[in-house]
Amino acid sequence: MAAQDLLDSIEMRKVECLNQKGDGIGNVLKQGYRDDPGLVLESDTDEQLLIHIPFQNAVKLHSLTITSGAGDHAPRRFKLFTNRASLGFSEANSEVPVQQFDLTEENLSGTPVILKYVKFQAVTHLTIFIEDNHGDDELTRLEAIRLFGSSGQSMDVAAIKKVEDQ
């Protein structure tokens, strides 16, 4: 099954972003808003952002894209945690994530980051911790976040094949 945009599986009214300036989290997640490079999510007091994304049902995550204009404000290192709804900055800094990446310019332009698929099964809550940016600046800026995978309820029963005895 091909990975699909999981936008419709996100419980949008419960999405939360810590250390954001204003209310920019909707700008990078919602359809239409995330396609407008003028609508961004910016960090407030320092470069770190902690984004909590709950899903309506369990999903399997395959990949994600985090787009941002190139430069000092673009996010660099980020960590992913699953099913940790109450994770704070101190835990995100000290605990071992499910997966961690350094974003390249290709990633920031929309090339997907492929996840370790076996570690992202039955995800009901994804936490993205953006630890720093490319310029060690106090401001981090994102233009869009897209999550790809499959919803737990989208199983195609017709695709199940009978295993015959040999």
# chains A, B, ... in the order shown; residues from 1 in each chain; ligands from 1
$ select_by_dssp --residues "chain A" --states "strand (DSSP E or B)" --output "PyMOL selection string"
chain A and resi 4-5+10+16-18+20+41-43+49-67+75+77-82+99-102+113-114+123-130+133+141-142+144-151
$ residues_around --residues "Ser109 in chain A" --least-positions-apart "4" --cutoff "7 Å" --atoms "only C-alpha atoms" --output "PyMOL selection string"
chain A and resi 67-68+105
$ write_last_selection --atoms "N, CA and C atoms" --output "PDB file, in the first residue's frame"
ATOM      1  N   THR A  67       9.400  21.406   5.475  1.00  0.00           N
ATOM      2  CA  THR A  67       9.953  22.367   4.533  1.00  0.00           C
ATOM      3  C   THR A  67      10.162  23.714   5.205  1.00  0.00           C
ATOM      4  N   SER A  68      11.215  24.367   4.772  1.00  0.00           N
ATOM      5  CA  SER A  68      11.586  25.677   5.298  1.00  0.00           C
ATOM      6  C   SER A  68      12.522  26.323   4.287  1.00  0.00           C
ATOM      7  N   GLU A 105      19.566  20.400   3.042  1.00  0.00           N
ATOM      8  CA  GLU A 105      18.869  21.366   2.176  1.00  0.00           C
ATOM      9  C   GLU A 105      17.850  20.659   1.292  1.00  0.00           C
TER      10      GLU A 105
END
$ closest_residue --among "A:Gly69, A:Gly26, A:Gly110, A:Pro54" --to "Thr124 in chain A" --atoms "only C-alpha atoms"
A:Pro54
$ closest_residue --among "A:Lys116, A:His125, A:Arg13, A:His62" --to "Ser150 in chain A" --atoms "only C-alpha atoms"
A:His62
$ select_by_dssp --residues "range 66-129 of chain A" --states "helix (DSSP H, G or I)" --output "count of residues only"
13
$ closest_residue --among "A:Lys14, A:Arg84, A:Arg146, A:His52" --to "Lys30 in chain A" --atoms "only C-alpha atoms"
A:Arg146
$ closest_residue --among "A:Leu6, A:Ile130, A:Ile145, A:Ala85" --to "Asp46 in chain A" --atoms "only C-alpha atoms"
A:Ile130
$ residues_around --residues "Ser9 in chain A" --least-positions-apart "4" --cutoff "9 Å" --atoms "only C-alpha atoms" --output "PyMOL selection string"
chain A and resi 5+54-59+151
$ residues_around --residues "Asn133 in chain A" --least-positions-apart "5" --cutoff "8 Å" --atoms "only C-alpha atoms" --output "list in words"
Glu47, Asp72, His73, Ala74, Pro75, Arg76, Arg77 and Thr140 of chain A
$ residues_around --residues "Leu49 in chain A" --least-positions-apart "3" --cutoff "6 Å" --atoms "only C-alpha atoms" --output "ChimeraX atom specification"
/A:18-19,129-130
$ write_last_selection --atoms "C-alpha atoms" --output "CSV table (one decimal), in the first residue's frame"
chain,number,residue,atom,x,y,z
A,18,LEU,CA,5.4,24.7,22.7
A,19,ASN,CA,7.6,27.8,22.2
A,129,PHE,CA,11.3,18.1,18.9
A,130,ILE,CA,13.2,20.6,16.8
$ residues_around --residues "Leu61 in chain A" --least-positions-apart "3" --cutoff "6 Å" --atoms "only C-alpha atoms" --output "number ranges by chain"
A: 120, 148-149
$ write_last_selection --atoms "N, CA, C and O atoms" --output "short mmCIF file (atom, residue, chain, number, x, y, z; two decimals), in the first residue's frame"
data_model
loop_
_atom_site.label_atom_id
_atom_site.label_comp_id
_atom_site.auth_asym_id
_atom_site.auth_seq_id
_atom_site.Cartn_x
_atom_site.Cartn_y
_atom_site.Cartn_z
N PHE A 120 7.45 2.81 13.80
CA PHE A 120 6.36 3.79 13.74
C PHE A 120 5.03 3.12 13.39
O PHE A 120 4.27 3.61 12.58
N PHE A 148 3.34 11.13 6.17
CA PHE A 148 2.88 10.14 5.22
C PHE A 148 2.90 8.75 5.84
O PHE A 148 3.79 8.42 6.61
N GLY A 149 1.91 7.97 5.50
CA GLY A 149 1.80 6.61 6.02
C GLY A 149 0.43 6.06 5.69
O GLY A 149 -0.16 6.39 4.67
#
$ residues_around --residues "Gln99 in chain A" --least-positions-apart "4" --cutoff "12 Å" --atoms "only C-alpha atoms" --output "NGL selection string"
:A and (63 or 77-82 or 92 or 95 or 113-120 or 126-129)
$ atom_distance --atom1 "CA of Glu106 in chain A" --atom2 "CA of Glu143 in chain A"
14.4 Å
$ atom_distance --atom1 "CA of Ile66 in chain A" --atom2 "CA of Asn83 in chain A"
20.1 Å
$ atom_distance --atom1 "CA of Ala2 in chain A" --atom2 "CA of Pro112 in chain A"
14.1 Å
$ decode --residues "range 71-104 of chain A" --atoms "N, CA and C atoms" --output "PDB file, in the first residue's frame"
ATOM      1  N   GLY A  71      18.666  28.640   4.927  1.00  0.00           N
ATOM      2  CA  GLY A  71      19.259  29.729   5.693  1.00  0.00           C
ATOM      3  C   GLY A  71      19.393  29.396   7.157  1.00  0.00           C
ATOM      4  N   ASP A  72      19.796  30.382   7.913  1.00  0.00           N
ATOM      5  CA  ASP A  72      20.082  30.193   9.336  1.00  0.00           C
ATOM      6  C   ASP A  72      18.861  29.812  10.156  1.00  0.00           C
ATOM      7  N   HIS A  73      17.652  30.202   9.720  1.00  0.00           N
ATOM      8  CA  HIS A  73      16.437  29.938  10.498  1.00  0.00           C
ATOM      9  C   HIS A  73      15.843  28.553  10.236  1.00  0.00           C
ATOM     10  N   ALA A  74      16.369  27.831   9.265  1.00  0.00           N
ATOM     11  CA  ALA A  74      15.837  26.514   8.919  1.00  0.00           C
ATOM     12  C   ALA A  74      16.194  25.501  10.000  1.00  0.00           C
ATOM     13  N   PRO A  75      15.245  24.622  10.368  1.00  0.00           N
ATOM     14  CA  PRO A  75      15.539  23.617  11.388  1.00  0.00           C
ATOM     15  C   PRO A  75      16.637  22.657  10.927  1.00  0.00           C
ATOM     16  N   ARG A  76      17.459  22.209  11.869  1.00  0.00           N
ATOM     17  CA  ARG A  76      18.533  21.276  11.529  1.00  0.00           C
ATOM     18  C   ARG A  76      18.272  19.923  12.183  1.00  0.00           C
ATOM     19  N   ARG A  77      18.489  19.795  13.462  1.00  0.00           N
ATOM     20  CA  ARG A  77      18.324  18.506  14.141  1.00  0.00           C
ATOM     21  C   ARG A  77      16.920  18.410  14.738  1.00  0.00           C
ATOM     22  N   PHE A  78      16.289  17.267  14.446  1.00  0.00           N
ATOM     23  CA  PHE A  78      15.005  17.021  15.096  1.00  0.00           C
ATOM     24  C   PHE A  78      14.917  15.575  15.550  1.00  0.00           C
ATOM     25  N   LYS A  79      14.116  15.382  16.595  1.00  0.00           N
ATOM     26  CA  LYS A  79      13.922  14.072  17.200  1.00  0.00           C
ATOM     27  C   LYS A  79      12.439  13.734  17.170  1.00  0.00           C
ATOM     28  N   LEU A  80      12.139  12.451  16.960  1.00  0.00           N
ATOM     29  CA  LEU A  80      10.758  11.980  16.938  1.00  0.00           C
ATOM     30  C   LEU A  80      10.511  11.047  18.109  1.00  0.00           C
ATOM     31  N   PHE A  81       9.384  11.256  18.770  1.00  0.00           N
ATOM     32  CA  PHE A  81       8.937  10.403  19.866  1.00  0.00           C
ATOM     33  C   PHE A  81       7.513   9.958  19.539  1.00  0.00           C
ATOM     34  N   THR A  82       7.179   8.719  19.881  1.00  0.00           N
ATOM     35  CA  THR A  82       5.829   8.217  19.619  1.00  0.00           C
ATOM     36  C   THR A  82       5.090   7.939  20.916  1.00  0.00           C
ATOM     37  N   ASN A  83       3.787   8.221  20.866  1.00  0.00           N
ATOM     38  CA  ASN A  83       2.857   7.913  21.954  1.00  0.00           C
ATOM     39  C   ASN A  83       3.298   8.489  23.298  1.00  0.00           C
ATOM     40  N   ARG A  84       3.789   9.717  23.272  1.00  0.00           N
ATOM     41  CA  ARG A  84       4.251  10.432  24.474  1.00  0.00           C
ATOM     42  C   ARG A  84       3.574  11.804  24.523  1.00  0.00           C
ATOM     43  N   ALA A  85       2.308  11.830  24.883  1.00  0.00           N
ATOM     44  CA  ALA A  85       1.500  13.050  24.810  1.00  0.00           C
ATOM     45  C   ALA A  85       1.967  14.161  25.746  1.00  0.00           C
ATOM     46  N   SER A  86       2.615  13.819  26.839  1.00  0.00           N
ATOM     47  CA  SER A  86       2.968  14.852  27.822  1.00  0.00           C
ATOM     48  C   SER A  86       4.470  15.136  27.870  1.00  0.00           C
ATOM     49  N   LEU A  87       5.179  14.836  26.819  1.00  0.00           N
ATOM     50  CA  LEU A  87       6.624  15.061  26.769  1.00  0.00           C
ATOM     51  C   LEU A  87       6.934  16.559  26.812  1.00  0.00           C
ATOM     52  N   GLY A  88       7.867  16.944  27.688  1.00  0.00           N
ATOM     53  CA  GLY A  88       8.277  18.333  27.800  1.00  0.00           C
ATOM     54  C   GLY A  88       9.679  18.533  27.243  1.00  0.00           C
ATOM     55  N   PHE A  89      10.145  19.777  27.281  1.00  0.00           N
ATOM     56  CA  PHE A  89      11.465  20.093  26.730  1.00  0.00           C
ATOM     57  C   PHE A  89      12.591  19.339  27.429  1.00  0.00           C
ATOM     58  N   SER A  90      12.544  19.219  28.752  1.00  0.00           N
ATOM     59  CA  SER A  90      13.637  18.554  29.464  1.00  0.00           C
ATOM     60  C   SER A  90      13.719  17.077  29.093  1.00  0.00           C
ATOM     61  N   GLU A  91      12.563  16.404  28.965  1.00  0.00           N
ATOM     62  CA  GLU A  91      12.566  14.995  28.552  1.00  0.00           C
ATOM     63  C   GLU A  91      13.023  14.850  27.101  1.00  0.00           C
ATOM     64  N   ALA A  92      12.564  15.746  26.243  1.00  0.00           N
ATOM     65  CA  ALA A  92      12.950  15.675  24.830  1.00  0.00           C
ATOM     66  C   ALA A  92      14.456  15.869  24.665  1.00  0.00           C
ATOM     67  N   ASN A  93      15.054  16.702  25.508  1.00  0.00           N
ATOM     68  CA  ASN A  93      16.504  16.913  25.457  1.00  0.00           C
ATOM     69  C   ASN A  93      17.290  15.720  25.965  1.00  0.00           C
ATOM     70  N   SER A  94      16.759  15.042  26.985  1.00  0.00           N
ATOM     71  CA  SER A  94      17.549  14.011  27.660  1.00  0.00           C
ATOM     72  C   SER A  94      17.216  12.576  27.265  1.00  0.00           C
ATOM     73  N   GLU A  95      15.999  12.302  26.839  1.00  0.00           N
ATOM     74  CA  GLU A  95      15.608  10.925  26.539  1.00  0.00           C
ATOM     75  C   GLU A  95      15.980  10.525  25.110  1.00  0.00           C
ATOM     76  N   VAL A  96      16.112   9.227  24.921  1.00  0.00           N
ATOM     77  CA  VAL A  96      16.463   8.682  23.605  1.00  0.00           C
ATOM     78  C   VAL A  96      15.210   8.685  22.728  1.00  0.00           C
ATOM     79  N   PRO A  97      15.277   9.330  21.557  1.00  0.00           N
ATOM     80  CA  PRO A  97      14.112   9.360  20.675  1.00  0.00           C
ATOM     81  C   PRO A  97      13.951   8.045  19.915  1.00  0.00           C
ATOM     82  N   VAL A  98      12.797   7.875  19.313  1.00  0.00           N
ATOM     83  CA  VAL A  98      12.577   6.728  18.443  1.00  0.00           C
ATOM     84  C   VAL A  98      13.468   6.850  17.211  1.00  0.00           C
ATOM     85  N   GLN A  99      13.597   8.078  16.708  1.00  0.00           N
ATOM     86  CA  GLN A  99      14.494   8.345  15.589  1.00  0.00           C
ATOM     87  C   GLN A  99      14.894   9.819  15.618  1.00  0.00           C
ATOM     88  N   GLN A 100      16.096  10.095  15.110  1.00  0.00           N
ATOM     89  CA  GLN A 100      16.660  11.439  15.106  1.00  0.00           C
ATOM     90  C   GLN A 100      17.289  11.711  13.747  1.00  0.00           C
ATOM     91  N   PHE A 101      17.187  12.967  13.274  1.00  0.00           N
ATOM     92  CA  PHE A 101      17.710  13.337  11.963  1.00  0.00           C
ATOM     93  C   PHE A 101      18.376  14.695  12.015  1.00  0.00           C
ATOM     94  N   ASP A 102      19.279  14.914  11.075  1.00  0.00           N
ATOM     95  CA  ASP A 102      19.755  16.249  10.742  1.00  0.00           C
ATOM     96  C   ASP A 102      19.213  16.534   9.349  1.00  0.00           C
ATOM     97  N   LEU A 103      18.403  17.573   9.224  1.00  0.00           N
ATOM     98  CA  LEU A 103      17.801  17.908   7.940  1.00  0.00           C
ATOM     99  C   LEU A 103      18.824  18.530   7.004  1.00  0.00           C
ATOM    100  N   THR A 104      18.797  18.094   5.755  1.00  0.00           N
ATOM    101  CA  THR A 104      19.671  18.640   4.717  1.00  0.00           C
ATOM    102  C   THR A 104      18.886  19.685   3.921  1.00  0.00           C
TER     103      THR A 104
END
